[in-house]
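So the structure is just underneath, and the comments pick up after that.
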Amino acid sequence: MNIVTVHNLKKYFGKGENQVKALDGIDLEIEKGKFTAIIGASGSGKTTLLNMIGGMDIPDEGEVIVDGVNLRGLKEKELAVFRRSKVGFVYQNFNLVPTLTVKENILFPLSLAGSTPDPAFFDEIVELLHLKERLNAYPGELSGGGQQRVAIARALIAKPAILLADEPTGNLDSRTGQNVLGLLKLSVETYRQTLVMITHNLELAQMADRVVRIEDGRIRA
Amino acid sequence: MKKQLIFRPIPVLTKRMFRTNRGRNLVAILAILLTTMMFATLFTLTQSMSRNLVEMTFRQTGYNAQASMRGLTEEQADLIAGHPDVAELGRSIVLGLAENQQLTGQSVEIRWANDAYARHSYAAPTTGQMPQAADEIALDTSILDRLGIPHELGQTVTLEWRKDLSGEEVTTSTFTLCGFWEGNQSSYSSMAWVSRAYAAEMTGGVISTEESQVLGLYMVQVNLASDQNIEATMDRILADTGLTGLEYNVNLAYSPEMGAMAAQESMPMYLGMVLVFIAGYLIIYNIFQISVTADVQFYGKLKTLGMTTKQLKKLIYGQANRLCIIGIPIGLILGWLLGSVLVPVLMGTIDGEAVVSASPIIFIGSAVFAWVTVLISCLRPARLAGKVSPIEALRMSDADSSSKKKTKRRRGNASLASMAWANLWRNKKRTITVICSLTLGLVLLSSFYAKNAAFDMDKYLADLILADFELSDATSEDYINNYDPHGTTLTDSLVAQAEGQEGVEASGHLFSAQIDWQMDEGTLQNVAAFYTEDKLADWETYDAAGAQQLRDVLETGDGSAILYGLDGIPLDAITQEQYVLEGSFDSAEFASGNYVLAVGPSLELGTDYPVLPTPSAGSTVELNGRTYTVMAVVYPLNPVTQLTVQQGAGDKFNLSFIIPSEVFREQWPDHTLRKLFLNVDDAHIDTVQAFLDDYMETTDLGLPVASRQTMAQQYEAQTRSSAVMGNAVSVVIALVGVLNFINSMVTAIVSRKREFAVIQSVGMTKKQLNRMLVNEGLFYAVLTLAASYLISSLAVGVVVRAMVEGGFTTFRFTLLPLVACTPILLIFAVLIPHLCFRNLEKHSIVERLRME
């Protein structure tokens with residue numbers, strides 16, 4: 001069963017001779033419960049694709065269907081609701097809110113929706129990601145790997161339909177990167193999550209069930 | 001612990017973000033504080049103004065009940081008192097006017113009154129009580145002073161009065177003082193309360209219902225339960241009690257004209273509020289705009305995490321509200337205090353203590369105004385934060401987001417100045433906001449200053465006083481009992497002593513007499529030609545009696561003439577060229593006694609009128625059996641000819657004439673001096689004043705003295721307040737502008753820390769960077785000053801000039817405050833970037849480069 005269906009997706013930036021075709025007709029289907037890695041050089045359009053799937057950017061053409069929701073025509077607020085309920089993001093630079101504690105950061109997207117997580121699930125995730133002792137710390141007090149584990153916990157807590165990770169280990173040294181990715185993979189498997197990860201590290205990409213290569217806004221098999 | 005999994009992200013974030021933005025908060029709180037303070041001050045002034053205006057009118061009318069009635073019977077009063085709409089009925093029986101020698105020029109009404117009447121007439125004894133026994137009396141302290149009686153209960157008071165005002169028989173009664181209070185200076189007459197028993201004895205128990213008979217006239221003050229619809233309520237009360245025939249007067253303070261006047265007096269305040277709102281908007285908007293722009297990536301991040309636009313806006317308004325919670329209460333208190341200081345100054349001329357209103361409207365009103373200002377200021381920043389697309393947020397920088405950049409190719413090198421100039425326009429809106437904010441304050445300051453500077457004290461005083469000192473007969477300006485030509489205030493010995501004072505440079509005398517006068521045909525024609533039917537109809541709308549007098553005289557020619565005998569200062573003043581409306585003045589000829597000057601109407605000087613309502617120059621008039629030729633028609637100078645009519649002159653239309661005082665004294669040898677004018681050299685003003693003070697203390701407490709110095713001081717005190725007001729508002733607005741400028745400069749520099757590090761890393765020296773920043777500051781200052789000079793010139797040259805047209809002003813073009821502010825602004829412009837730069841220097845280039 002496909003959790004994501006992307007059809008003829010196009011996104012251009014700029015005009016005339018300066019025009020950049022970030023995405024130039026992408027067709028992609030992602031199966032539920034699978035780990036997909038997207039690889040490509042910088043500027044190949046992989047981040048743009050991820051943003052489109054995550055409902056952060058609006059395509060010029062084509063459509064994106066995530067977990068049965070067609071993102072085309074969703075309003076600003078509906079997109080925000082979509083993001084916090086269906087998508088979990090993990091960024092290269094963690095994107096934690098520095099003024100919130102680890103616990104608050106994890107709970108943040110859920111609480112924005114006004115809902116409360118299942119406490120047992122919360123404990124489980126915190127345990128799994130080795131965050132139990134640091135719940136009241138602020139992100140600044142954590143190491144890079146620690147911060148990324150918080151980001152992963154935050155992405156998982158809402159039980160999203162899909163987890164999107166943009167170079168999640170890009171800011172970490174290789175050993176920590178391996179560790180974090182291992183934990184990410186473990187979590188995804190534990191909760192039967194779908195993971196789409198951008199990377200240009202081929203070694204890491206090999207951990208995925210499927211590798212998609214993007215060049216100049218198109219998919220190369 | 002599990003229970004605590006719920007957390008409310010918006011309030012928590014609001015709180016935490018608030019803590020991290022200390023610098024911004026400080027500036028924002030200051031801005032909100034200043035805005036609230038100005039609102040509160042203006043509200044306090046407006047509220048106190050209308051309260052004091054009403055209070056002042058109460059004091060002038062002499063009572064503060066809603067309505068009064070006279071000439072009714074006691075039974076009728078009982079009926080009214082019993083009506084449910086009547087809260088309290090003040091009752092009084094008039095006996096007469098005290099006519100003791102020492103009380104000349106002061107009207108003292110001898111009356112019985114109940115407590116309510118006394119209380120509502122500002123004449124309730126504060127020491128002692130109202131009279132009970134037949135020989136008791138209660139008086140105010142000013143009358144006691146006049147009579148030379150110490151402020152002590154039990155003192156003996158003797159009053160002389162006439163039961164019949166047209167008769168000669170004087171009643172002399174002796175009382176024991178049983179109560180006194182501080183006199184009400186604004187009222188035309190004072191009260192002498194006697195007991196009911198004494199009133200009954202004097203009137204023989206007869207109540208007068210005829211208004212013309214003073215003895216025994218029964219008067220009531222009706223205090224209603226509500227201030228609303230006074231006339232309707234009074235009509236209903238009279239209808240309900242079957243007394244429809246009776247007339248009542250509504251207290252002037254409750255008339256619609258008073259409301260209109262209060263509204264008019266408050267107009268500048270409303271204008272001030274609009275200005276404060278604009279100034280407040282400009283800075284608070286800028287602070288939030290800068291803050292949101294700086295945090296835009298953060299907001300974008302929140303959005304990617306699923307925060308909705310609404311939640312983001314809530315976050316921003318939450319911050320604004322927190323700032324308000326701190327800034328508004330402090331602003332309210334400071335504003336009210338500032339208002340309390342300004343109110344008495346502003347009410348300087350009003351007698352009695354100025355009441356500072358502490359009405360909740362002030363606090364609620366200013367709080368709401370300030371809060372609304374903050375919310376409106378946040379509208380655009382909040383929308384900006386809400387509109388941030390999560391992707392764009394990651395790219396956004398200090399520059400305008402939507403600007404379509406045209407690639408400009410600059411030839412040659414990038415000079416420091418041109419870089420600074422370009423930096424200034426990276427955020428056009430911010431730069432323009434700051435410039436507007438500063439300019440607004442400076443333009444206001446210049447305008448207020450120019451307006452106040454335009455006031456011409458000499459012009460103003462010329463209308464009020466001719467000489468350094470003017471001494472008058474006590475009855476000279478007694479508008480109730482009118483002038484007594486045999487008054488004894490200006491005794492020969494006083495005049496001789498005064499004129500003999502050292503330093504007296506010139507003096508002048510004014511005598512007057514009023515006679516019945518059959519107007520000649522020529523004069524009547526002139527009067528009829530001048531007062532056209534249109535003018536008469538207009539006159540009737542505000543002074544029906546005066547217009548009727550004129551109609552009567554036009555029919556019968558039976559009028560009245562006031563003759564002024566002048567010499568010295570007043571004669572010189574009124575015959576100055578600009579005051580001669582027709583004919584020409586020749587002092588030698590005039591002294592011959594064959595000529596008279598006719599006094600014309602109060603026209604606009606410098607305008608030609610085809611006909612004046614006086615005998616024409618060159619014609620002859622017969623006055624008091626002597627024939628004069630009219631030499632000229634002169635302008636009615638207030639200090640010379642705007643005095644009261646003479647006692648017993650009747651209510652006829654009158655014209656005034658001026659003859660030499662020598663001629664006057666031949667005609668009316670028994671008339672005493674009405675006014676003495678003295679000019680004193682500057683060195684001796686104080687000694688002459690001391691002489692007069694001493695004379696008043698030892699000989700005649702009631703001597704009316706007007707001094708140019710005192711008047712000028714009084715006027716200065718009075719205008720200083722409004723100048724202070726206007727300047728206070730503009731200084732605060734200018735301050736807000738400076739705050740805005742500092743905030744923008746500082747944030748612009750701090751937010752570009754990393755950028756500066758980059759520039760430095762590629763080889764710009766500290767000195768060059770510093771110079772670039774100082775250049776930016778100077779550009780700001782120069783642009784602001786250019787705008788301020790331009791707009792102020794227009795505002796002063798056009799608006800202020802038009803505003804001060806007419807009145808006691810001489811317009812002078814001045815931009816002095818702006819000139820004074822110029823160096824200050826330039827110093828700021830250099831100092832702030834310099835200080836910020838030194839702060840930056842604390843971190844190394846590498847440290848700064850690594851900063852996110």
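Residues are referred to by chain and number: the chain letter is A, B, ... according to the order shown in the structure tokens, the number counts from 1 in that chain, and ligands are numbered separately from 1 in the order shown.
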Just the strand (DSSP E) stuff from region 616-804 of chain B, please, per backbone DSSP, written as number ranges by chain. B: 620-623, 626-634, 654-660, 675-680, 705-707
Near chain A, meaning an atom within 9 Å, which residues of chain B appear when counting only C-alpha atoms? Write them as a PyMOL selection string. chain B and resi 2-3+5-10+12-13+16-17+20+298+301-311+389-391
Between CA of Gln147 (chain A) and CA of Met207 (chain A) - distance in Å to one decimal: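 Taking CA of Met207 (chain A) and CA of Gln147 (chain A), their separation equals 22.0 Å.
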Using the chain letters and numbers from this document, which residues of region 24-132 of chain A does DSSP assign to helix (DSSP H, G or I), as number ranges by chain? A: 46-53, 76-86, 102-112, 119-128, 132
Produce a file of the selected residues containing C-alpha atoms, as a PDB file, in the first residue's frame.
```pdb
ATOM      1  CA  LYS A  46      15.784  16.608  -3.074  1.00  0.00           C
ATOM      2  CA  THR A  47      14.966  19.072  -0.290  1.00  0.00           C
ATOM      3  CA  THR A  48      12.310  20.696  -2.447  1.00  0.00           C
ATOM      4  CA  LEU A  49      10.720  17.300  -2.969  1.00  0.00           C
ATOM      5  CA  LEU A  50      10.772  16.592   0.750  1.00  0.00           C
ATOM      6  CA  ASN A  51       9.207  19.979   1.504  1.00  0.00           C
ATOM      7  CA  MET A  52       6.425  19.255  -0.982  1.00  0.00           C
ATOM      8  CA  ILE A  53       5.678  15.913   0.633  1.00  0.00           C
ATOM      9  CA  GLU A  76      -2.802  27.567   5.096  1.00  0.00           C
ATOM     10  CA  LYS A  77      -4.382  26.382   8.320  1.00  0.00           C
ATOM     11  CA  GLU A  78      -5.264  22.970   6.907  1.00  0.00           C
ATOM     12  CA  LEU A  79      -1.656  22.554   5.853  1.00  0.00           C
ATOM     13  CA  ALA A  80      -0.478  23.388   9.370  1.00  0.00           C
ATOM     14  CA  VAL A  81      -2.871  20.836  10.796  1.00  0.00           C
ATOM     15  CA  PHE A  82      -1.716  18.331   8.177  1.00  0.00           C
ATOM     16  CA  ARG A  83       1.916  18.877   9.144  1.00  0.00           C
ATOM     17  CA  ARG A  84       1.419  18.379  12.805  1.00  0.00           C
ATOM     18  CA  SER A  85      -0.855  15.351  12.494  1.00  0.00           C
ATOM     19  CA  LYS A  86       0.521  13.411   9.528  1.00  0.00           C
ATOM     20  CA  VAL A 102      13.411  18.612  26.031  1.00  0.00           C
ATOM     21  CA  LYS A 103      10.078  17.359  27.285  1.00  0.00           C
ATOM     22  CA  GLU A 104       8.261  20.450  26.036  1.00  0.00           C
ATOM     23  CA  ASN A 105       9.981  20.194  22.673  1.00  0.00           C
ATOM     24  CA  ILE A 106       8.845  16.616  22.279  1.00  0.00           C
ATOM     25  CA  LEU A 107       5.297  17.475  23.247  1.00  0.00           C
ATOM     26  CA  PHE A 108       5.205  20.704  21.227  1.00  0.00           C
ATOM     27  CA  PRO A 109       3.495  19.627  17.956  1.00  0.00           C
ATOM     28  CA  LEU A 110       0.911  17.573  19.808  1.00  0.00           C
ATOM     29  CA  SER A 111       0.131  20.292  22.272  1.00  0.00           C
ATOM     30  CA  LEU A 112      -0.281  22.788  19.440  1.00  0.00           C
ATOM     31  CA  PRO A 119       1.909   8.642  28.579  1.00  0.00           C
ATOM     32  CA  ALA A 120       3.025   5.061  28.124  1.00  0.00           C
ATOM     33  CA  PHE A 121       4.023   5.798  24.530  1.00  0.00           C
ATOM     34  CA  PHE A 122       5.870   8.923  25.620  1.00  0.00           C
ATOM     35  CA  ASP A 123       7.844   6.946  28.190  1.00  0.00           C
ATOM     36  CA  GLU A 124       8.601   4.279  25.660  1.00  0.00           C
ATOM     37  CA  ILE A 125       9.989   6.704  23.093  1.00  0.00           C
ATOM     38  CA  VAL A 126      11.981   8.608  25.682  1.00  0.00           C
ATOM     39  CA  GLU A 127      13.415   5.339  26.890  1.00  0.00           C
ATOM     40  CA  LEU A 128      14.187   4.161  23.383  1.00  0.00           C
ATOM     41  CA  LYS A 132      14.795   9.890  30.092  1.00  0.00           C
TER      42      LYS A 132
END
```
Contacts of Asp567 (chain B) at 10 Å (only C-alpha atoms; same-chain gap of 6+ positions) as a count of residues only: 12
Show which residues sit within 10 Å of Glu61 (chain A), as a CSV table (one decimal) with N, CA and C atoms, in the first residue's frame. Count only C-alpha atoms, and ignore same-chain residues fewer than 5 positions away.
```
chain,number,residue,atom,x,y,z
A,7,HIS,N,2.8,12.8,-8.2
A,7,HIS,CA,2.5,12.7,-9.6
A,7,HIS,C,2.9,14.0,-10.4
A,8,ASN,N,3.7,13.8,-11.4
A,8,ASN,CA,4.1,14.9,-12.3
A,8,ASN,C,4.4,16.2,-11.5
A,9,LEU,N,5.2,16.1,-10.5
A,9,LEU,CA,5.4,17.3,-9.6
A,9,LEU,C,6.5,18.2,-10.2
A,10,LYS,N,6.1,19.5,-10.3
A,10,LYS,CA,7.0,20.5,-10.9
A,10,LYS,C,7.1,21.7,-10.0
A,11,LYS,N,8.3,22.2,-9.8
A,11,LYS,CA,8.5,23.4,-9.1
A,11,LYS,C,9.7,24.2,-9.7
A,12,TYR,N,9.4,25.4,-10.2
A,12,TYR,CA,10.4,26.2,-10.8
A,12,TYR,C,10.7,27.4,-9.9
A,23,LEU,N,12.2,21.0,-9.4
A,23,LEU,CA,11.5,19.7,-9.7
A,23,LEU,C,10.9,19.8,-11.1
A,24,ASP,N,11.2,18.8,-11.9
A,24,ASP,CA,10.8,18.9,-13.2
A,24,ASP,C,10.0,17.6,-13.7
A,25,GLY,N,8.9,17.4,-13.0
A,25,GLY,CA,8.1,16.3,-13.4
A,25,GLY,C,8.5,15.0,-12.6
A,72,ARG,N,-3.1,19.4,-2.7
A,72,ARG,CA,-3.5,20.5,-3.5
A,72,ARG,C,-4.8,21.1,-3.0
```
Selection: 6 Å around Arg218 (chain A), only C-alpha atoms, excl. self and same-chain fewer than 2 positions, as JSON, numbers by chain: {"A": [24, 26, 214, 215, 216]}
Preceding selection exported with C-alpha atoms as an mmCIF file, in the first residue's frame:
```
data_model
loop_
_atom_site.group_PDB
_atom_site.id
_atom_site.type_symbol
_atom_site.label_atom_id
_atom_site.label_comp_id
_atom_site.auth_asym_id
_atom_site.auth_seq_id
_atom_site.Cartn_x
_atom_site.Cartn_y
_atom_site.Cartn_z
ATOM 1 C CA ASP A 24 10.778 18.867 -13.245
ATOM 2 C CA ILE A 26 8.598 13.841 -10.510
ATOM 3 C CA ILE A 214 17.422 12.667 -8.093
ATOM 4 C CA GLU A 215 19.314 14.617 -10.723
ATOM 5 C CA ASP A 216 18.296 18.025 -12.040
#
```
